[in-house]
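Participant: One structure, as structure tokens, below. Some questions next.
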Amino acid sequence: MELTLWTYEGPPHIGAMRIATSMKKLHYVLHAPQGDTYADLLFTMIERRGSRPPVTYTTFQARDLGGDTAELVKGHIKEAVDRFQPETLLVGESCTAELIQDQPGSLAKGMGFDIPIVSLELPAYSKKENWGGSETFYQIVRTLLKDHSNESKHTWQEEKRRPRVNLLGPTLLGFRCRDDVLEIQKLLGQYGIDVNVVAPLGASPADIMRIPNADLNVCLYPEIAESTCIWLERNLNIPFTTTVPLGVGATQDFLKELHEVLEMEIPQSVNESNNSKLTWYSNSVDSNYLTGKRVFIFGDGTHALAAARIATEELGFKVVGLGTYSREMARKVRPAAKALGLEALITNDYLEVEDAIKETSPELVLGTQMERHSAKRLGIPCAVISTPMHVQDVPARYSPQMGWEGANVIFDDWVHPLMMGLEEHLIGMFKHDFEFVDGHQSHLGHLGGKGNQNANQEVKTKISIDSTTSNLDPIWTHEGERELSKIPFFVRGKVRKNTENYARQAGCREINEETLYDAKAHYKA
Amino acid sequence: MSGATLLKESGPKEVFCGLTSIVWLHRRMPDAFFLVVGSRTCAHLIQSAAGVMIFAEPRFGTAILEERDLAGLADAHDELNRVVKNLLARRPEIKTLFLVGSCPSEVIKIDLSRVAENLNIELKGQVTVLNYSGSGIETTFTQGEDGALKALIPLMPKSDQKKLLLVGTLANAVEDRLISIFKRLGIDNVESFPPRQSTELPSIGPETKVLLTQPYLTDTARELKNKGAEIIEAPFPLGVTGSTLWIQAAANSFGIDKSIVDSILIPLISRAKQALAPHVEKLSGKKLFLLPESQLEIPLARFLSNECGMEIVEIGTPYLNRDLMKAEIDLLPPDCRIVEGQHVEKQLDRVRDSSPDLVVCGMGLANPLEAEGISTKWSIEMVFSPIHGIDQASDLAELFSRPLRRHDILNPKTLTSN
């Protein structure tokens with residue numbers, strides 16, 4: 001039993017719903033009690049979808065449990081097929097239905113429909129949303145393509161045509177999937193590569209049947225598509241790319257991998273620095289102040305890994321924390337964190353993430369919408385880089401994360417919550433003027449200094465509590481506090497902590513002006 | 001009863017389960033914690049319904065059942081014990097802990113009352129542990145509050161004091177306002193259930209007169225009656241008429257002179273009607289369809305037809321308690337169609353066929369209907385907004401006139417040239 005106050009991922013049948021709702025001409029009969037229909041609002045509210053998810057819930061009640069729930073399930077299946085006329089039917093159950101073991105998938109298969117039926121078994125008490133999405137996509141593809149033979153298949157060179165690829169993995173309630181697909185399609189077009197099928201987003205079962213016509217699969221979101229890509233490689237001999245084109249460097253690597261696997265010559269233009277404005281913006285003098293900005297990263301595996309690379313290699317940030325809630329991706333995130341000299345934070349507990357943020361006192365948090373809340377509480381600027389997300393993370397404007405334009409969007413989204421370089425310089429210049437109000441922050445109006453002061457107070461109270469148990473904790477003198485207040489608020493918390501650590505190590509009982517400078521020299525050395 | 005037609009329907013439903021009530025109950029009693037014993041689905045449901053806006057550590061959580069908890073019930077009870085103790089260690093300010101049953105905990109028959117009993121012995125009164133079910137297989141949306149209140153009743157002290165007890169969660173400001181009106185009428189001893197602190201439960205006895213503020217408290221009303229309290233029959237305090245009749249019913253029951261009641265209420269009524277007028281203009285003659293969800297559908301339909309001139313196409317209600325709703329149904333216009341239960345697909349077909357101007361519905365259905373050009377109002381807003389009482393009638397009407405006004409602003413009627 002696990003105590004949860006808030007959860008990053010829903011249960012696995014929500015993942016199945018994401019696949020079903022992303023696709024066309026498909027219907028999902030979900031054996032589930034009344035109340036589980038809340039899931040509709042994820043799509044109609046967060047994504048502002050103008051249509052209901054193609055899901056029929058059996059909404060059984062306690063009084064049904066005494067009778068024949070199997071007949072109830074069959075009734076709903078029949079009605080759903082009659083009403084919605086799907087090309088393929090998904091049948092599954094939510095957590096409660098799993099306990100009563102009606103096996104709706106087998107029931108549906110015995111009803112004599114002439115459409116493919118995909119029976120989903122998604123263990124609700126051990127798995128979660130992304131796993132459910134991945135498994136559902138895999139089961140759909142496997143069911144529809146298991147009898148496919150690719151004996152007569154030829155390469156693009158043999159057929160003297162442009163190479164064709166599938167884009168696999170984008171779904172509803174994924175992070176900016178809608179725009180990523182457009183951006184990658186545009187990118188591939190520039191290199192003479194056609195897109196054969198995009199799935200699950202926008203694909204019908206008939207489109208899934210066309211997957212084998214491609215020369216390669218692009219695995220855009222490994223959380224959803226990796227197991228499907230592996231199956232397609234093993235069974236239908238379709239190779240897939242493993243680089244996710246998030247950021248300038250990764251987009252270049254992606255294009256190289258794509259050309260290599262397709263046996264195409266890698267064009268010089270891949271390495272041009274003006275493909276994305278991120279490179280120049282990052283080199284421009286205003287961005288000097290970004291150097292070594294301390295950034296904390298937490299999200300799904302794919303976006304957290306990409307963020308770490310962009311932050312370190314393309315923006316010159318210093319990553320002080322890296323983690324993910326997807327245990328399936330822990331294997332990839334751990335070595336990435338280790339390479340940055342960190343230990344990866346793999347957890348479902350948002351409070352643990354919040355504690356880690358406090359501990360590392362970053363200047364920028366890149367996270368999910370929950371880290372946005374946590375960062376707001378702590379007065380730290382934040383950009384959302386991953387699901388789970390809120391309605392404001394589904395913008396009306398075109399704002400991909402992938403490809404060249406995605407890198408532009410990332411530059412803007414991550415840097416705007418921080419202060420611009422020139423602005424920071426001016427604040428430094430004028431901060432001792434009497435008109436200056438401490439706590440000034442970026443244009444985006446975060447809690448800024450005020451929140452930071454709160455955080456400092458928290459630290460203070462904590463220290464005073466500690467000092468009752470240990471006499472070793474240093475005390476701030478009045479002049480020490482005054483000197484500390486001259487330090488810009490966004491690094492003050494860090495300086496306070498460092499100075500206290502230094503004082504403890506050095507055995508100082510009091511922290512005065514000089515101790516601050518001693519500590520500064522100590523940490524610079 | 002009026003000429004309302006009562007129909008029953010069954011099929012796939014689109015309603016919240018009782019767990020959703022936690023979203024307002026935890027705010028009403030800040031010293032209580034609601035621990036759902038359920039699955040990841042339960043946790044996800046509550047955070048989704050709560051709008052995922054958690055700025056502080058919330059006063060609700062889920063003990064998520066895992067594979068090994070399903071294997072042995074004895075272990076599940078021990079596990080729950082452990083989770084509760086961890087929680088209480090972390091949140092020492094909790095005075096009342098509700099263990100809330102869910103679909104999976106009911107199906108595998110975890111005995112929450114036994115767990116609560118054992119914990120109460122162990123905790124020796126530091127924290128009171130209670131249990132009720134908010135499962136979707138037994139409860140719909142607002143019924144969760146019914147369960148939580150029913151669980152508190154055995155803890156209410158006995159008293160022979162004559163008092164008015166307002167039962168059902170109200171917005172604090174509205175509650176204060178209603179109490180001050182009762183005091184002006186001469187009813188001084190007015191208490192509320194649930195209280196604002198879970199430990200400050202009102203007392204109850206044969207001299208307690210209960211006035212229900214919400215229509216979904218079937219079990220609570222029955223238990224209070226069993227404790228000797230008298231349930232005052234009245235429509236619910238929504239709109240000018242409903243609120244007036246509601247206050248008058250209490251005044252009658254306390255033997256307050258009609259002239260005093262009139263002298264206090266008449267100015268309020270005329271002021272409220274004035275405030276209502278611009279909304280009536282907007283709403284009058286417009287067609288309204290209410291899908292079942294909050295159980296407030298019948299009182300709302302009564303207000304919107306009788307006081308705002310709306311034409312009622314259909315009133316959906318998750319279930320119908322004829323006793324509690326009798327006063328409301330009597331006030332409905334003749335030939336009103338009330339449908340108990342739901343077949344969501346057939347009901348949406350009827351919505352489309354009747355092309356209503358406004359549909360009251362759940363959050364999952366609102367945008368799809370908007371996309372079809374039909375204005376909507378979320379039913380969950382009714383349980384969060386201060387809408388009760390005479391003074392709030394125009395605010396209540398505005399909740400419905402605003403979507404129509406917005407629709408007109410965004411879709412100006414163009415002159416047709418023939």
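Labels for the structure tokens follow display order: chains A, B, ..., residues from 1 in each chain, ligands from 1.
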Tell me, as a PyMOL selection string, which residues lie within 8 Å of Pro12 (chain B), counting only C-alpha atoms; anything in the same chain fewer than 2 positions away does not count.

Facilitator: (chain A and resi 56-59+76) or (chain B and resi 10+14+342-345)

Participant: Using DSSP on the backbone coordinates, identify the residues of region 136-299 of chain A assigned to helix (DSSP H, G or I); present them as a PyMOL selection string.

Facilitator: chain A and resi 136-145+177-190+205-209+211-213+222-236+248-261+268-271+277-283+285-290

Participant: Between chain B and chain A, at 6 Å or less, what are the per-residue closest atom pairs and their distances in Å? Count only C-alpha atoms, order by chain and rising residue number, and return it as a tab-separated table.

Facilitator:
```
residue	atom	partner	partner_atom	distance
B:Pro12	CA	A:Thr58	CA	5.7
B:Glu14	CA	A:Thr37	CA	5.8
B:Val15	CA	A:Gly35	CA	5.8
B:Phe16	CA	A:Gly35	CA	4.3
B:Cys17	CA	A:Gly35	CA	4.2
B:Arg40	CA	A:Pro11	CA	5.5
B:Thr41	CA	A:Pro11	CA	5.5
B:His44	CA	A:Gly10	CA	5.6
B:Gly61	CA	A:Leu5	CA	4.3
B:Thr62	CA	A:Thr4	CA	5.2
B:Ala63	CA	A:Leu3	CA	4.5
B:Ile64	CA	A:Glu2	CA	5.0
B:Leu65	CA	A:Met1	CA	5.0
B:Glu66	CA	A:Tyr125	CA	4.8
B:Glu67	CA	A:Tyr125	CA	5.2
B:Pro104	CA	A:Thr96	CA	4.9
B:Gly136	CA	A:Gln34	CA	4.8
B:Ile137	CA	A:Gln61	CA	4.0
B:Glu138	CA	A:Ala62	CA	5.8
B:Met363	CA	A:Leu41	CA	5.8
B:Gly364	CA	A:Leu41	CA	4.0
B:Asn367	CA	A:Gly50	CA	5.4
B:Pro368	CA	A:Gly50	CA	4.3
B:Ala371	CA	A:Gly50	CA	5.0
```

Participant: Assign secondary structure with DSSP using the backbone only, and return the residues of region 8-229 of chain B in strand (DSSP E) as an MDAnalysis selection string.

Facilitator: chainID B and resid 8:9 32:38 60:64 96:101 128:133 163:167 190:193 208:212

Participant: Ranking B:Leu290, B:Val127, B:Met310, B:Ile374 by minimum distance to Ala89 (chain B) and counting only C-alpha atoms, which one comes first?

Facilitator: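 Closest residue, counting only C-alpha atoms: B:Val127.
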
Participant: Excluding region 268-279 of chain B and its own-chain neighbours fewer than 4 positions away, which residues fall within 9 Å of it when counting only C-alpha atoms? Please give them as a list in words.

Facilitator: Val240, Thr241, Thr244, Ile264, Leu283, Ser284, Glu307, Cys308, Ile390, Asp391, Gln392, Ala393, Ser394, Asp395, Ala397, Glu398, Phe400, Ser401 and Arg402 of chain B

Participant: Excluding Pro212 (chain A) and residues on its chain fewer than 6 positions from it, collect all residues at most 8 Å away from it, counting only C-alpha atoms, and give them as a PyMOL selection string.

Facilitator: chain A and resi 150+236+238

Participant: Write the selection just made, keeping N, CA and C atoms, as a PDB file, in the first residue's frame?

Facilitator:
```pdb
ATOM      1  N   ASN A 150       6.002  -9.582 -45.269  1.00  0.00           N
ATOM      2  CA  ASN A 150       6.741  -8.550 -45.988  1.00  0.00           C
ATOM      3  C   ASN A 150       7.715  -9.135 -47.013  1.00  0.00           C
ATOM      4  N   LEU A 236       8.853  -7.465 -38.718  1.00  0.00           N
ATOM      5  CA  LEU A 236       8.665  -6.984 -40.088  1.00  0.00           C
ATOM      6  C   LEU A 236       9.927  -6.327 -40.630  1.00  0.00           C
ATOM      7  N   ILE A 238      11.594  -3.726 -39.899  1.00  0.00           N
ATOM      8  CA  ILE A 238      11.645  -2.270 -40.089  1.00  0.00           C
ATOM      9  C   ILE A 238      12.532  -1.687 -38.992  1.00  0.00           C
TER      10      ILE A 238
END
```

Participant: State, in Å with one decimal place, the distance from CA of Glu371 (chain A) to CA of Trp378 (chain B).

Facilitator: 28.3 Å

Participant: Point out the residue among A:Gln401, A:Asn271, A:Asn348, A:Thr324 with the least atom-to-atom distance to Arg178 (chain A), counting only C-alpha atoms.

Facilitator: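 Closest to Arg178 (chain A), using only C-alpha atoms: A:Gln401.
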
Participant: Rounded to one decimal, what separation in Å do you get between CA of Glu293 (chain B) and CA of Phe141 (chain B)?

Facilitator: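 Pair CA of Glu293 (chain B) / CA of Phe141 (chain B) returns 6.9 Å.
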
Participant: Mind pulling up the distance from CA of Arg177 (chain B) to CA of Lys377 (chain B)?

Facilitator: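 It comes out at 26.0 Å.
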
Participant: Just the residues within 8 Å of Ile117 (chain A), please, counting only C-alpha atoms, with nothing from its chain fewer than 6 positions along; format it as a ChimeraX atom specification.

Facilitator: /A:88-91,105,108-109,143

Participant: Give me the residues near Ala344 (chain A) as a list in words, where near means some atom within 12 Å (using only C-alpha atoms) and where sequence neighbours in that chain fewer than 6 positions away do not count.

Facilitator: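 These residues fall inside the cut-off: Phe296, Ile297, Phe298, Gly299, Gly301, Ala304, Leu305, Ala308, Val319, Val320, Gly321, Leu322, Gly323, Thr324, Tyr325, Ser326, Arg327, Met329, Ala330, Arg331, Lys332, Val333, Arg334, Pro335, Ala336, Ala337, Lys338, Val353 and Ala356 of chain A.
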
Participant: Keeping only C-alpha atoms, write those residues as a PDB file, in the first residue's frame.

Facilitator:
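To be explicit, this is the file written out as part18.pdb:
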```
ATOM      1  CA  PHE A 296      16.822  21.390 -11.637  1.00  0.00           C
ATOM      2  CA  ILE A 297      15.192  18.964 -14.094  1.00  0.00           C
ATOM      3  CA  PHE A 298      12.361  16.511 -13.472  1.00  0.00           C
ATOM      4  CA  GLY A 299       9.847  14.989 -15.878  1.00  0.00           C
ATOM      5  CA  GLY A 301      12.277  10.153 -19.122  1.00  0.00           C
ATOM      6  CA  ALA A 304      14.159  15.059 -18.740  1.00  0.00           C
ATOM      7  CA  LEU A 305      17.055  13.483 -20.657  1.00  0.00           C
ATOM      8  CA  ALA A 308      19.695  17.845 -19.403  1.00  0.00           C
ATOM      9  CA  VAL A 319      22.332  20.883 -13.974  1.00  0.00           C
ATOM     10  CA  VAL A 320      22.046  20.452 -10.203  1.00  0.00           C
ATOM     11  CA  GLY A 321      19.288  17.848 -10.183  1.00  0.00           C
ATOM     12  CA  LEU A 322      17.940  15.342 -12.694  1.00  0.00           C
ATOM     13  CA  GLY A 323      15.143  12.859 -12.274  1.00  0.00           C
ATOM     14  CA  THR A 324      12.078  11.162 -13.642  1.00  0.00           C
ATOM     15  CA  TYR A 325       8.832   9.626 -12.446  1.00  0.00           C
ATOM     16  CA  SER A 326       8.911   6.967 -15.153  1.00  0.00           C
ATOM     17  CA  ARG A 327      10.537   3.896 -13.698  1.00  0.00           C
ATOM     18  CA  MET A 329      13.073   5.118 -18.156  1.00  0.00           C
ATOM     19  CA  ALA A 330      15.217   4.960 -15.011  1.00  0.00           C
ATOM     20  CA  ARG A 331      17.734   2.776 -16.820  1.00  0.00           C
ATOM     21  CA  LYS A 332      18.489   5.631 -19.223  1.00  0.00           C
ATOM     22  CA  VAL A 333      18.230   8.512 -16.771  1.00  0.00           C
ATOM     23  CA  ARG A 334      20.645   7.077 -14.172  1.00  0.00           C
ATOM     24  CA  PRO A 335      23.779   7.108 -16.375  1.00  0.00           C
ATOM     25  CA  ALA A 336      22.858  10.557 -17.738  1.00  0.00           C
ATOM     26  CA  ALA A 337      22.730  11.905 -14.191  1.00  0.00           C
ATOM     27  CA  LYS A 338      25.948  10.137 -13.287  1.00  0.00           C
ATOM     28  CA  VAL A 353      10.988  16.164  -5.633  1.00  0.00           C
ATOM     29  CA  ALA A 356      15.266  17.904  -3.660  1.00  0.00           C
TER      30      ALA A 356
END
```
